[in-house]
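Asks: Could you have a look at this structure, given as structure tokens, before my questions?
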Amino acid sequence: MVFSSHIFIYYFLPLVIAIYYLLPWKRNLFLLAASYVFYGWSDPRLVALMLAATVANYACGLVISSPDATQSRRKAALIVSIVASLSLLGFFKYFTFAGQNLSGLLELLGSSPLPIVEIALPAGISFYTFQSLSYTIDLYRKDARPARSFTDFACFVALFPQLIAGPIVRYNTVAEQLVHREHKVENFASGVALFILGFAKKVLIANEIGQAADAAFAAESPTAMDAWFGVTAYAFQIYFDFSAYSDMAVGLGRMFGFEFLKNFDAPYRAESITEFWRRWHISLSTFLRDYLYVPLGGNRRGARRTYINLAIVMLLGGLWHGANWTFVAWGGFHGCLLAWERWMGKESLYAKLPRPVRVGFTFVLVLFSWVLFRSETFGDASAYLSAMFGMLPQASGTPLLGALLYTPTNIGAMVICEVLVLSPIQAHDWVERITVQRAVLVLLVFLYALATMTAQSFNPFLYFQF
Amino acid sequence: MEQTRSANLLLALVFLMVIAVEPILQLTHDLRKGATPLAFGVFSRTPSATNLRAFEETLRDQSILANTVRPYVQYWRYASMGDLGRNGVLGREDWLFYRPGIQFLVEPWGDIEATEPLTAIVSFRDQLRAQGIELLVVVVPGKESVHPEYITTRAPRFSGSHVTDFVDDLRELEVEAMYLRPDEAQRVGPPKYLKQDTHWTPGYAQECANLVAARALALGWIELGSAAYGTQSKPVQRHGDILRMAKSQPLLESIHKEKFEAIQVTEPDSLEHYKDSPDASVLVLGDSFLRIFERDEPGSAGFVSHLARALQQPVTSLINDGGASTLVRMELRRKPELLRGKKLVIWEFVDRDLRFGMEGWQEIEIPAPN
């Protein structure tokens with residue numbers, strides 16, 4: 001189910017809020033049931049898959065947290081949990097990709113290609129797998145206490161606000177809230193405000209600007225101006241789409257008494273790629289830092305090893321986004337930039353440039369990386385990058401692309417995006433204190449976004465595919 | 001502090017009211033109509049992915065509130081930003097264009113466009129030939145190919161060179177094909193397409209019908225008949241289909257209807273409008289380019305009637321809006337008797353359907369008529 005859909009806004013959400021607040025007890029059980037309905041809406045069979053993953057990790061958690069368990073037994077249970085979770089993710093997300101690559105390799109070596117089995121990717125699997133893993137790893141490290149019951153743990157894994165596209169909630173950040181959470185009108189209202197702002201970002205900005213990005217990337221031979229406009233539109237689309245989902249998730253969480261950490265912090269105001277990753281998809285970058293980079297040795301084993309660790313983390317981070325070499329290249333590109341910045345140090349010439357120049361330069365680097373991220377093949381990426389430098393021969397249809405790109409709606413949306421991404425005040429901060437004026441403004445925005453939604457077609461969030 | 005508390009309450013309560021109002025309205029409406037509430041539809045079918053998706057679409061598409069609000073939203077978006085929704089693009093001098101038509105010209109020509117239609121067309125030609133029937137393929141250029149100058153001043157004189165190559169490929173495969181793009185001489189004079197519509201003007205439809213008839217006669221696949229059809233002029237006022245696609249009455253009311261003259265074809269020695277004959281020697285298959293002015297207002301003033309007039313004999317026509325790539329042949333499979341006594345099939349489709357044709361370009365087995 002999609003947050004910005006008719007059925008979610010008008011049926012699922014009011015029903016779940018009403019029942020949740022009418023129930024005197026067993027609220028986690030109810031949230032679990034509601035989350036399974038939410039998740040199973042795209043395909044009810046997927047619930048069984050999630051349930052199996054939940055049972056496996058819960059069982060491993062029981063062994064790891066057992067006071068009688070020996071260290072070797074705890075370790076074995078952790079390994080089982082990691083292998084089971086990553087196998088599940090690997091099978092559904094990378095089996096086809098691996099098959100295609102193996103087949104291609106065999107063809108290169110003169111053998112006949114393998115039959116390729118297409119496996120559909122279950123929505124949200126990348127997110128709930130990581131969340132489940134955080135539970136067993138935190139238990140193993142003794143950073144968290146075991147879940148009070150299976151229901152609590154299953155509720156944590158399946159919790160519908162952040163299930164499909166994050167933020168990746170780590171068990172130790174919500175463990176207490178699963179047992180006891182406060183339901184205050186202030187929290188509920190700020191959750192509502194955040195949800196509405198996220199909804200408006202998605203419907204009024206991301207969906208609009210996404211049409212321009214789609215048109216530019218689908219074009220045969222965009223001009224340099226078209227290509228820059230298109231990739232900038234894509235940069236805004238992916239940010240407003242993904243951060244919208246995160247805002248809505250955090251907002252929904254607050255409505256039910258949960259407090260999730262924010263996932264974005266004005267990433268396009270970053271002055272460097274290192275800072276960009278402190279502000280972009282924060283839950284993923286901190287997850288990778290704490291569960292991969294640090295265990296690999298982080299920056300404690302010398303410069304060379306640090307660069308290698310950065311590269312490993314970013315390449316795997318890229319692969320996590322999708323089973324395609326372009327994602328790996330995207331991760332690799334960011335890894336190289338991170339290593340380069342670390343090598344330059346804080347006293348470099350670059351660091352002495354004025355802030356707007358550094359922000360602009362960082363944004364341009366991010367734009368280049370989005371070309372890799374958005375393209376299906378290296379050939380597509382290379383053609384688009386060529387177009388950005390005016391090196392693509394023009395086709396007869398090229399002049400017509402402008403009619404799809406430079407519409408008043410798209411230009412207006414681009415200006416709004418520019419203002420919002422450069423604004424130091426983000427949605428999270430804005431909803432901290434709700435005044436009457438802000439409440440009225442938010443409600444008006446909500447009504448306008450709801451009205452606009454009626455004129456839009458089905459438009460799922462971009463991160464659903466990851 | 002007090003103001004903040006009131007604001008929180010206000011926000012929370014109004015939000016809950018807003019999200020609850022639609023289902024309550026819908027329920028009330030359904031019960032007053034004596035119908036089963038729309039939301040209960042979820043229990044009427046097995047909860048499979050397909051059924052749940054269908055239920056969700058029904059809930060959205062039949063929503064009283066959404067259907068009431070949507071036309072005004074569309075109107076507001078057009079009035080404030082010139083936005084015509086998913087399908088329309090506002091060009092120069094208030095010319096309207098069909099977004100997929102522009103996409104067809106802007107996006108690369110892929111393998112699918114190059115191979116699937118060729119295979120389907122050759123297969124159809126072979127099946128017809130086995131029944132002693134000839135095939136003439138008629139590719140109609142989309143409005144965006146013919147009038148790109150109304151999309152942008154930087155536009156080339158004519159777009160759609162891929163289609164010319166495609167038609168050449170068809171000819172190499174010994175399929176008789178025409179691409180009805182206007183030549184330089186034809187481009188002089190009034191526009192060939194309607195300003196608000198995806199389709200041609202009555203005049204250009206008539207010109208094209210004459211060209212196709214001339215080709216069919218020149219090929220010797222059909223002989224000139226003897227029916228002397230008459231004509232009469234008829235003024236027409238209509239909103240174009242690009243405007244109507246926005247499904248907004250307020251938007252339609254805010255824009256003047258397009259006015260033009262159409263030439264209706266009348267039966268010989270009578271003022272009755274031309275009518276198809278199932279016993280004709282020619283069957284015309286195609287899409288809405290055949291329907292406009294023919295079955296729409298004013299009637300008998302479209303391509304089909306003018307083709308019959310030029311051939312001086314009636315024809316049979318089978319029309320499927322947007323479905324000329326595959327659906328119209330599927331319909332022919334269900335009605336093979338339409339092929340009885342035919343010498344020639346003229347198959348018309350618009351160039352953008354090479355990529356966007358509904359149901360793609362399937363090979364369809366056409367049974368012989370009983």
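Within each chain, counting starts at residue 1; across the structure tokens, chains are named A, B, ... in the order shown, with ligands numbered 1 upward in that order.
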Enumerate as a PyMOL selection string the residues belonging to chain A that approach chain B to within 6 Å, with only C-alpha atoms taken into account.

Replies: chain A and resi 6+10+42-43+186+189+218-220+397-399+408-409+434-436+439+454-455

Asks: Can I get the selection written as a compact mmCIF listing (two decimals), in the first residue's frame, with all heavy atoms?

Replies:
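Saved file result.txt follows:
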# COMPACT_ATOMS: atom_id res chain seq x y z
N HIS A 6 -5.30 6.88 -2.33
CA HIS A 6 -6.67 7.09 -1.85
C HIS A 6 -7.00 6.11 -0.72
O HIS A 6 -7.51 6.50 0.33
CB HIS A 6 -7.59 6.88 -3.05
CG HIS A 6 -9.02 7.21 -2.80
ND1 HIS A 6 -9.53 8.46 -3.01
CD2 HIS A 6 -10.05 6.46 -2.34
CE1 HIS A 6 -10.82 8.45 -2.71
NE2 HIS A 6 -11.15 7.25 -2.30
N TYR A 10 -7.75 7.54 3.09
CA TYR A 10 -9.16 7.64 3.47
C TYR A 10 -9.73 6.38 4.13
O TYR A 10 -10.82 6.43 4.68
CB TYR A 10 -10.01 7.94 2.24
CG TYR A 10 -9.78 9.33 1.68
CD1 TYR A 10 -9.40 9.50 0.36
CD2 TYR A 10 -9.94 10.47 2.47
CE1 TYR A 10 -9.19 10.76 -0.17
CE2 TYR A 10 -9.73 11.72 1.96
CZ TYR A 10 -9.35 11.87 0.64
OH TYR A 10 -9.15 13.13 0.13
N SER A 42 0.08 -5.54 -1.44
CA SER A 42 0.65 -5.68 -2.78
C SER A 42 0.65 -7.15 -3.21
O SER A 42 0.48 -7.45 -4.37
CB SER A 42 2.07 -5.12 -2.83
OG SER A 42 2.88 -5.82 -1.93
N ASP A 43 0.85 -8.05 -2.27
CA ASP A 43 0.78 -9.48 -2.55
C ASP A 43 0.71 -10.22 -1.21
O ASP A 43 1.71 -10.29 -0.49
CB ASP A 43 2.03 -9.93 -3.35
CG ASP A 43 1.91 -11.38 -3.79
OD1 ASP A 43 1.02 -12.10 -3.29
OD2 ASP A 43 2.71 -11.79 -4.65
N GLU A 186 0.32 16.56 21.62
CA GLU A 186 1.42 17.31 21.00
C GLU A 186 2.18 16.43 20.02
O GLU A 186 2.51 16.86 18.91
CB GLU A 186 2.41 17.83 22.07
CG GLU A 186 1.88 18.92 22.96
CD GLU A 186 0.91 18.42 24.03
OE1 GLU A 186 0.91 17.20 24.32
OE2 GLU A 186 0.14 19.24 24.56
N ALA A 189 -0.06 15.65 17.04
CA ALA A 189 -0.18 16.79 16.11
C ALA A 189 1.11 17.01 15.33
O ALA A 189 1.06 17.27 14.12
CB ALA A 189 -0.55 18.04 16.90
N ALA A 218 14.50 9.64 -20.78
CA ALA A 218 13.98 8.76 -21.83
C ALA A 218 14.32 9.28 -23.22
O ALA A 218 14.20 8.56 -24.21
CB ALA A 218 12.46 8.63 -21.69
N ALA A 219 14.76 10.54 -23.32
CA ALA A 219 14.97 11.15 -24.64
C ALA A 219 16.16 10.53 -25.36
O ALA A 219 17.11 10.07 -24.74
CB ALA A 219 15.19 12.65 -24.47
N GLU A 220 16.06 10.55 -26.67
CA GLU A 220 17.12 9.96 -27.49
C GLU A 220 18.39 10.82 -27.45
O GLU A 220 19.49 10.30 -27.30
CB GLU A 220 16.63 9.84 -28.94
CG GLU A 220 17.64 9.17 -29.85
CD GLU A 220 17.10 9.00 -31.27
OE1 GLU A 220 16.03 9.58 -31.57
OE2 GLU A 220 17.74 8.32 -32.06
N GLY A 397 13.97 14.80 -33.32
CA GLY A 397 12.98 15.09 -32.29
C GLY A 397 13.52 15.92 -31.14
O GLY A 397 12.75 16.34 -30.26
N THR A 398 14.83 16.17 -31.12
CA THR A 398 15.45 16.86 -29.98
C THR A 398 14.78 18.19 -29.61
O THR A 398 14.49 18.42 -28.43
CB THR A 398 16.95 17.09 -30.25
OG1 THR A 398 17.56 15.81 -30.41
CG2 THR A 398 17.62 17.82 -29.11
N PRO A 399 14.48 19.06 -30.59
CA PRO A 399 13.90 20.36 -30.19
C PRO A 399 12.53 20.21 -29.50
O PRO A 399 12.11 21.12 -28.78
CB PRO A 399 13.74 21.10 -31.52
CG PRO A 399 14.65 20.42 -32.47
CD PRO A 399 14.72 19.01 -32.05
N PRO A 408 5.36 25.48 -17.45
CA PRO A 408 5.25 26.32 -16.25
C PRO A 408 5.22 25.48 -14.97
O PRO A 408 5.83 25.87 -13.96
CB PRO A 408 3.92 27.05 -16.46
CG PRO A 408 3.72 27.06 -17.94
CD PRO A 408 4.34 25.79 -18.45
N THR A 409 4.58 24.32 -15.02
CA THR A 409 4.51 23.46 -13.82
C THR A 409 5.91 23.00 -13.42
O THR A 409 6.28 23.08 -12.24
CB THR A 409 3.65 22.21 -14.12
OG1 THR A 409 2.49 22.62 -14.81
CG2 THR A 409 3.28 21.47 -12.87
N ILE A 434 3.98 23.70 17.00
CA ILE A 434 2.83 23.97 16.13
C ILE A 434 2.06 25.17 16.69
O ILE A 434 1.52 25.11 17.80
CB ILE A 434 1.88 22.75 16.07
CG1 ILE A 434 2.63 21.48 15.63
CG2 ILE A 434 0.69 23.03 15.16
CD1 ILE A 434 3.06 21.45 14.20
N THR A 435 2.03 26.24 15.93
CA THR A 435 1.19 27.38 16.31
C THR A 435 -0.11 27.30 15.51
O THR A 435 -0.21 26.49 14.58
CB THR A 435 1.89 28.70 15.96
OG1 THR A 435 2.11 28.71 14.54
CG2 THR A 435 3.22 28.85 16.69
N VAL A 436 -1.06 28.16 15.86
CA VAL A 436 -2.35 28.13 15.12
C VAL A 436 -2.10 28.45 13.64
O VAL A 436 -2.64 27.80 12.75
CB VAL A 436 -3.35 29.13 15.74
CG1 VAL A 436 -4.60 29.25 14.87
CG2 VAL A 436 -3.73 28.68 17.15
N ALA A 439 -0.68 25.48 12.00
CA ALA A 439 -1.70 24.43 11.87
C ALA A 439 -2.59 24.73 10.68
O ALA A 439 -2.88 23.84 9.86
CB ALA A 439 -2.52 24.34 13.15
N THR A 454 -6.14 13.65 -6.52
CA THR A 454 -7.26 13.10 -7.31
C THR A 454 -6.97 13.17 -8.80
O THR A 454 -7.52 12.40 -9.58
CB THR A 454 -8.58 13.88 -7.05
OG1 THR A 454 -8.41 15.22 -7.52
CG2 THR A 454 -8.97 13.88 -5.60
N ALA A 455 -6.09 14.09 -9.20
CA ALA A 455 -5.80 14.25 -10.62
C ALA A 455 -4.54 13.50 -11.04
O ALA A 455 -4.12 13.60 -12.19
CB ALA A 455 -5.65 15.74 -10.95

Asks: Might you pull out every residue within 8 Å of Gly341 of chain B, with only C-alpha atoms counted and same-chain residues fewer than 5 positions away left off, and present them as a ChimeraX atom specification?

Replies: /B:279-281

Asks: Would you list the contacts of Ser300 of chain B as a ChimeraX atom specification, taking every protein, DNA or RNA residue within 12 Å and counting only C-alpha atoms, but skipping same-chain residues closer than 2 positions in sequence?

Replies: /B:202,205-206,229-234,262-267,271-276,290-298,302-309,314

Asks: Taking only C-alpha atoms into account, name the residue in A:Leu139, A:Met453, A:Ala212, A:Phe256 that is nearest to Ile17 of chain A.

Replies: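 Selected residue with least distance to Ile17 of chain A: A:Phe256.
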
Asks: Using only C-alpha atoms, determine which residues lie at most 7 Å from Val117 of chain A, disregarding the query and same-chain residues fewer than 2 positions distant; provide the list as a list of chain:residue names.

Replies: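 Using only C-alpha atoms, the neighbours found are A:Thr96, A:Pro115, A:Ile119.
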
Asks: Record the distance separating atom CA of Phe229 of chain A and atom CA of Cys336 of chain A, expressed in Å with one decimal.

Replies: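 Going from atom CA of Phe229 of chain A over to atom CA of Cys336 of chain A, I get 25.7 Å.
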
Asks: Within 7 Å of segment 127-134 of chain B, counting only C-alpha atoms, which residues show up once you throw out same-chain ones fewer than 3 positions away? Write them as a PyMOL selection string, please.

Replies: chain B and resi 123-124+342-345

Asks: As an exercise, work out the distance from atom CA of Lys262 of chain A to atom CA of Gly230 of chain A in Å and give it to one decimal place.

Replies: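 Distance reported for this atom pair: 27.9 Å.
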
Asks: Do a neighbour search on Leu372 of chain A at 8 Å with only C-alpha atoms, toss out local chain neighbours closer than 4 positions, and write the hits as a PyMOL selection string.

Replies: chain A and resi 326-327+329-330+368+378+381

Asks: List every residue of segment 96-163 of chain B that DSSP, applied to the backbone, labels as helix (DSSP H, G or I), and write the result as a PyMOL selection string.

Replies: chain B and resi 99-106+111-130+143-146+148-150+161-163

Asks: Please write the residues from the selection above to a file, keeping N, CA and C atoms, as an mmCIF file, in the first residue's frame.

Replies:
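Contents of out.cif, freshly written:
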data_model
loop_
_atom_site.group_PDB
_atom_site.id
_atom_site.type_symbol
_atom_site.label_atom_id
_atom_site.label_comp_id
_atom_site.auth_asym_id
_atom_site.auth_seq_id
_atom_site.Cartn_x
_atom_site.Cartn_y
_atom_site.Cartn_z
ATOM 1 N N ARG B 99 0.699 14.040 -25.343
ATOM 2 C CA ARG B 99 2.035 13.766 -24.785
ATOM 3 C C ARG B 99 2.698 12.522 -25.402
ATOM 4 N N PRO B 100 1.989 11.372 -25.495
ATOM 5 C CA PRO B 100 2.662 10.207 -26.103
ATOM 6 C C PRO B 100 3.122 10.468 -27.540
ATOM 7 N N GLY B 101 2.429 11.368 -28.243
ATOM 8 C CA GLY B 101 2.848 11.705 -29.605
ATOM 9 C C GLY B 101 4.200 12.396 -29.594
ATOM 10 N N ILE B 102 4.414 13.273 -28.627
ATOM 11 C CA ILE B 102 5.717 13.949 -28.525
ATOM 12 C C ILE B 102 6.779 12.949 -28.055
ATOM 13 N N GLN B 103 6.398 12.131 -27.080
ATOM 14 C CA GLN B 103 7.358 11.134 -26.580
ATOM 15 C C GLN B 103 7.829 10.223 -27.719
ATOM 16 N N PHE B 104 6.902 9.890 -28.595
ATOM 17 C CA PHE B 104 7.240 9.010 -29.719
ATOM 18 C C PHE B 104 8.344 9.630 -30.583
ATOM 19 N N LEU B 105 8.316 10.934 -30.713
ATOM 20 C CA LEU B 105 9.305 11.605 -31.560
ATOM 21 C C LEU B 105 10.610 11.898 -30.829
ATOM 22 N N VAL B 106 10.513 11.997 -29.511
ATOM 23 C CA VAL B 106 11.682 12.407 -28.717
ATOM 24 C C VAL B 106 12.507 11.201 -28.261
ATOM 25 N N ASP B 111 14.304 -1.605 -30.547
ATOM 26 C CA ASP B 111 14.186 -2.845 -31.323
ATOM 27 C C ASP B 111 12.743 -3.290 -31.467
ATOM 28 N N ILE B 112 11.955 -3.012 -30.409
ATOM 29 C CA ILE B 112 10.566 -3.490 -30.426
ATOM 30 C C ILE B 112 9.810 -2.840 -31.579
ATOM 31 N N GLU B 113 9.947 -1.508 -31.682
ATOM 32 C CA GLU B 113 9.230 -0.797 -32.740
ATOM 33 C C GLU B 113 9.664 -1.314 -34.108
ATOM 34 N N ALA B 114 10.932 -1.720 -34.198
ATOM 35 C CA ALA B 114 11.450 -2.110 -35.496
ATOM 36 C C ALA B 114 11.014 -3.513 -35.898
ATOM 37 N N THR B 115 10.820 -4.378 -34.931
ATOM 38 C CA THR B 115 10.591 -5.786 -35.314
ATOM 39 C C THR B 115 9.157 -6.266 -35.098
ATOM 40 N N GLU B 116 8.576 -5.995 -33.926
ATOM 41 C CA GLU B 116 7.256 -6.577 -33.644
ATOM 42 C C GLU B 116 6.184 -6.148 -34.639
ATOM 43 N N PRO B 117 6.066 -4.861 -34.959
ATOM 44 C CA PRO B 117 5.047 -4.492 -35.943
ATOM 45 C C PRO B 117 5.298 -5.121 -37.315
ATOM 46 N N LEU B 118 6.570 -5.193 -37.701
ATOM 47 C CA LEU B 118 6.871 -5.798 -39.009
ATOM 48 C C LEU B 118 6.385 -7.243 -39.048
ATOM 49 N N THR B 119 6.693 -7.974 -37.978
ATOM 50 C CA THR B 119 6.303 -9.389 -37.925
ATOM 51 C C THR B 119 4.783 -9.531 -37.976
ATOM 52 N N ALA B 120 4.103 -8.699 -37.187
ATOM 53 C CA ALA B 120 2.638 -8.795 -37.128
ATOM 54 C C ALA B 120 2.018 -8.431 -38.484
ATOM 55 N N ILE B 121 2.563 -7.419 -39.129
ATOM 56 C CA ILE B 121 1.990 -6.966 -40.402
ATOM 57 C C ILE B 121 2.230 -8.008 -41.499
ATOM 58 N N VAL B 122 3.439 -8.542 -41.540
ATOM 59 C CA VAL B 122 3.736 -9.547 -42.571
ATOM 60 C C VAL B 122 2.864 -10.783 -42.368
ATOM 61 N N SER B 123 2.688 -11.169 -41.112
ATOM 62 C CA SER B 123 1.841 -12.335 -40.818
ATOM 63 C C SER B 123 0.401 -12.084 -41.277
ATOM 64 N N PHE B 124 -0.085 -10.884 -41.025
ATOM 65 C CA PHE B 124 -1.462 -10.550 -41.423
ATOM 66 C C PHE B 124 -1.568 -10.544 -42.951
ATOM 67 N N ARG B 125 -0.563 -9.957 -43.606
ATOM 68 C CA ARG B 125 -0.563 -9.922 -45.068
ATOM 69 C C ARG B 125 -0.620 -11.349 -45.637
ATOM 70 N N ASP B 126 0.194 -12.256 -45.037
ATOM 71 C CA ASP B 126 0.241 -13.629 -45.539
ATOM 72 C C ASP B 126 -1.094 -14.343 -45.352
ATOM 73 N N GLN B 127 -1.719 -14.105 -44.191
ATOM 74 C CA GLN B 127 -3.011 -14.752 -43.943
ATOM 75 C C GLN B 127 -4.070 -14.260 -44.923
ATOM 76 N N LEU B 128 -4.045 -12.959 -45.189
ATOM 77 C CA LEU B 128 -5.024 -12.409 -46.130
ATOM 78 C C LEU B 128 -4.761 -12.939 -47.542
ATOM 79 N N ARG B 129 -3.490 -12.972 -47.884
ATOM 80 C CA ARG B 129 -3.141 -13.434 -49.239
ATOM 81 C C ARG B 129 -3.607 -14.866 -49.453
ATOM 82 N N ALA B 130 -3.508 -15.673 -48.375
ATOM 83 C CA ALA B 130 -3.969 -17.066 -48.471
ATOM 84 C C ALA B 130 -5.467 -17.123 -48.778
ATOM 85 N N LYS B 143 -0.273 14.098 -35.054
ATOM 86 C CA LYS B 143 -0.299 15.556 -35.175
ATOM 87 C C LYS B 143 1.079 16.160 -34.883
ATOM 88 N N GLU B 144 1.787 15.557 -33.930
ATOM 89 C CA GLU B 144 3.078 16.087 -33.508
ATOM 90 C C GLU B 144 4.117 15.951 -34.618
ATOM 91 N N SER B 145 3.935 14.944 -35.486
ATOM 92 C CA SER B 145 4.862 14.778 -36.607
ATOM 93 C C SER B 145 4.601 15.825 -37.686
ATOM 94 N N VAL B 146 3.340 16.187 -37.853
ATOM 95 C CA VAL B 146 2.969 17.068 -38.966
ATOM 96 C C VAL B 146 3.095 18.549 -38.598
ATOM 97 N N PRO B 148 4.955 20.089 -35.867
ATOM 98 C CA PRO B 148 5.866 20.351 -34.733
ATOM 99 C C PRO B 148 6.122 21.848 -34.543
ATOM 100 N N GLU B 149 5.862 22.636 -35.597
ATOM 101 C CA GLU B 149 6.130 24.088 -35.482
ATOM 102 C C GLU B 149 5.202 24.737 -34.467
ATOM 103 N N TYR B 150 4.098 24.071 -34.130
ATOM 104 C CA TYR B 150 3.221 24.621 -33.090
ATOM 105 C C TYR B 150 3.604 24.119 -31.694
ATOM 106 N N SER B 161 11.257 10.622 -39.005
ATOM 107 C CA SER B 161 12.029 9.947 -40.041
ATOM 108 C C SER B 161 12.107 8.440 -39.797
ATOM 109 N N HIS B 162 12.005 8.031 -38.513
ATOM 110 C CA HIS B 162 12.033 6.598 -38.220
ATOM 111 C C HIS B 162 10.882 5.898 -38.924
ATOM 112 N N VAL B 163 9.762 6.568 -38.995
ATOM 113 C CA VAL B 163 8.569 5.946 -39.579
ATOM 114 C C VAL B 163 8.776 5.769 -41.087
#

Asks: Quick one: everything within 7 Å of segment 193-200 of chain B, counting only C-alpha atoms, minus sequence neighbours fewer than 3 positions away in the same chain. Send it as an mmCIF file with N, CA and C atoms, in the first residue's frame.

Replies:
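around_12.cif written:
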data_model
loop_
_atom_site.group_PDB
_atom_site.id
_atom_site.type_symbol
_atom_site.label_atom_id
_atom_site.label_comp_id
_atom_site.auth_asym_id
_atom_site.auth_seq_id
_atom_site.Cartn_x
_atom_site.Cartn_y
_atom_site.Cartn_z
ATOM 1 N N TRP B 95 -2.311 25.771 -29.433
ATOM 2 C CA TRP B 95 -2.417 24.432 -30.019
ATOM 3 C C TRP B 95 -2.182 23.404 -28.921
ATOM 4 N N LEU B 96 -2.943 22.335 -28.957
ATOM 5 C CA LEU B 96 -2.802 21.292 -27.937
ATOM 6 C C LEU B 96 -2.214 20.032 -28.570
ATOM 7 N N PHE B 97 -1.381 19.361 -27.808
ATOM 8 C CA PHE B 97 -0.735 18.150 -28.326
ATOM 9 C C PHE B 97 -0.895 16.997 -27.344
ATOM 10 N N TYR B 98 -0.697 15.803 -27.896
ATOM 11 C CA TYR B 98 -0.863 14.573 -27.133
ATOM 12 C C TYR B 98 0.536 14.141 -26.657
ATOM 13 N N LYS B 143 -0.273 14.098 -35.054
ATOM 14 C CA LYS B 143 -0.299 15.556 -35.175
ATOM 15 C C LYS B 143 1.079 16.160 -34.883
ATOM 16 N N TYR B 204 -8.168 17.320 -44.520
ATOM 17 C CA TYR B 204 -6.996 16.462 -44.705
ATOM 18 C C TYR B 204 -7.403 14.993 -44.709
ATOM 19 N N ALA B 205 -8.429 14.645 -43.927
ATOM 20 C CA ALA B 205 -8.936 13.272 -43.955
ATOM 21 C C ALA B 205 -9.413 12.942 -45.379
ATOM 22 N N HIS B 239 -15.365 20.404 -28.949
ATOM 23 C CA HIS B 239 -14.142 20.441 -28.152
ATOM 24 C C HIS B 239 -13.284 19.253 -28.564
ATOM 25 N N GLY B 240 -11.996 19.487 -28.716
ATOM 26 C CA GLY B 240 -11.108 18.411 -29.148
ATOM 27 C C GLY B 240 -10.903 17.356 -28.072
ATOM 28 N N ASP B 241 -10.442 16.176 -28.530
ATOM 29 C CA ASP B 241 -10.293 15.066 -27.575
ATOM 30 C C ASP B 241 -9.187 15.328 -26.537
ATOM 31 N N ILE B 242 -8.198 16.173 -26.877
ATOM 32 C CA ILE B 242 -7.133 16.435 -25.886
ATOM 33 C C ILE B 242 -7.718 17.189 -24.693
ATOM 34 N N LEU B 243 -8.644 18.070 -24.979
ATOM 35 C CA LEU B 243 -9.323 18.774 -23.880
ATOM 36 C C LEU B 243 -10.210 17.814 -23.105
ATOM 37 N N PHE B 289 -8.842 7.663 -36.117
ATOM 38 C CA PHE B 289 -8.714 8.498 -37.324
ATOM 39 C C PHE B 289 -9.811 8.137 -38.328
#

Asks: Between A:Ala323, A:Ile164, A:Leu296, A:Ala244, which residue has the minimum interatomic distance to Gly99 of chain A, considering only C-alpha atoms?

Replies: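 Checking each of A:Ala323, A:Ile164, A:Leu296, A:Ala244 against Gly99 of chain A, counting only C-alpha atoms, the winner is A:Ala323.
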
Asks: Would you mind reading off the distance between atom CA of Leu89 of chain A and atom CA of Phe276 of chain A, one decimal, in Å?

Replies: 27.0 Å

Asks: Considering only C-alpha atoms, can you say which of B:Glu261, B:Asp168, B:Glu253, B:Glu337 comes closest to Gln237 of chain B?

Replies: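 Looking only at the distances to Gln237 of chain B, the closest residue turns out to be B:Glu261.
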
Asks: Enumerate the residues of segment 282-365 of chain B with a DSSP assignment of strand (DSSP E or B), computed from the backbone, and present them as a list in words.

Replies: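 For segment 282-365 of chain B, the strand (DSSP E or B) set is Val282, Leu283, Val284, Leu285, Gly286, Thr316, Ser317, Leu318, Ile319, Leu344, Val345, Ile346, Trp347, Glu348, Phe349 and Val350 of chain B.
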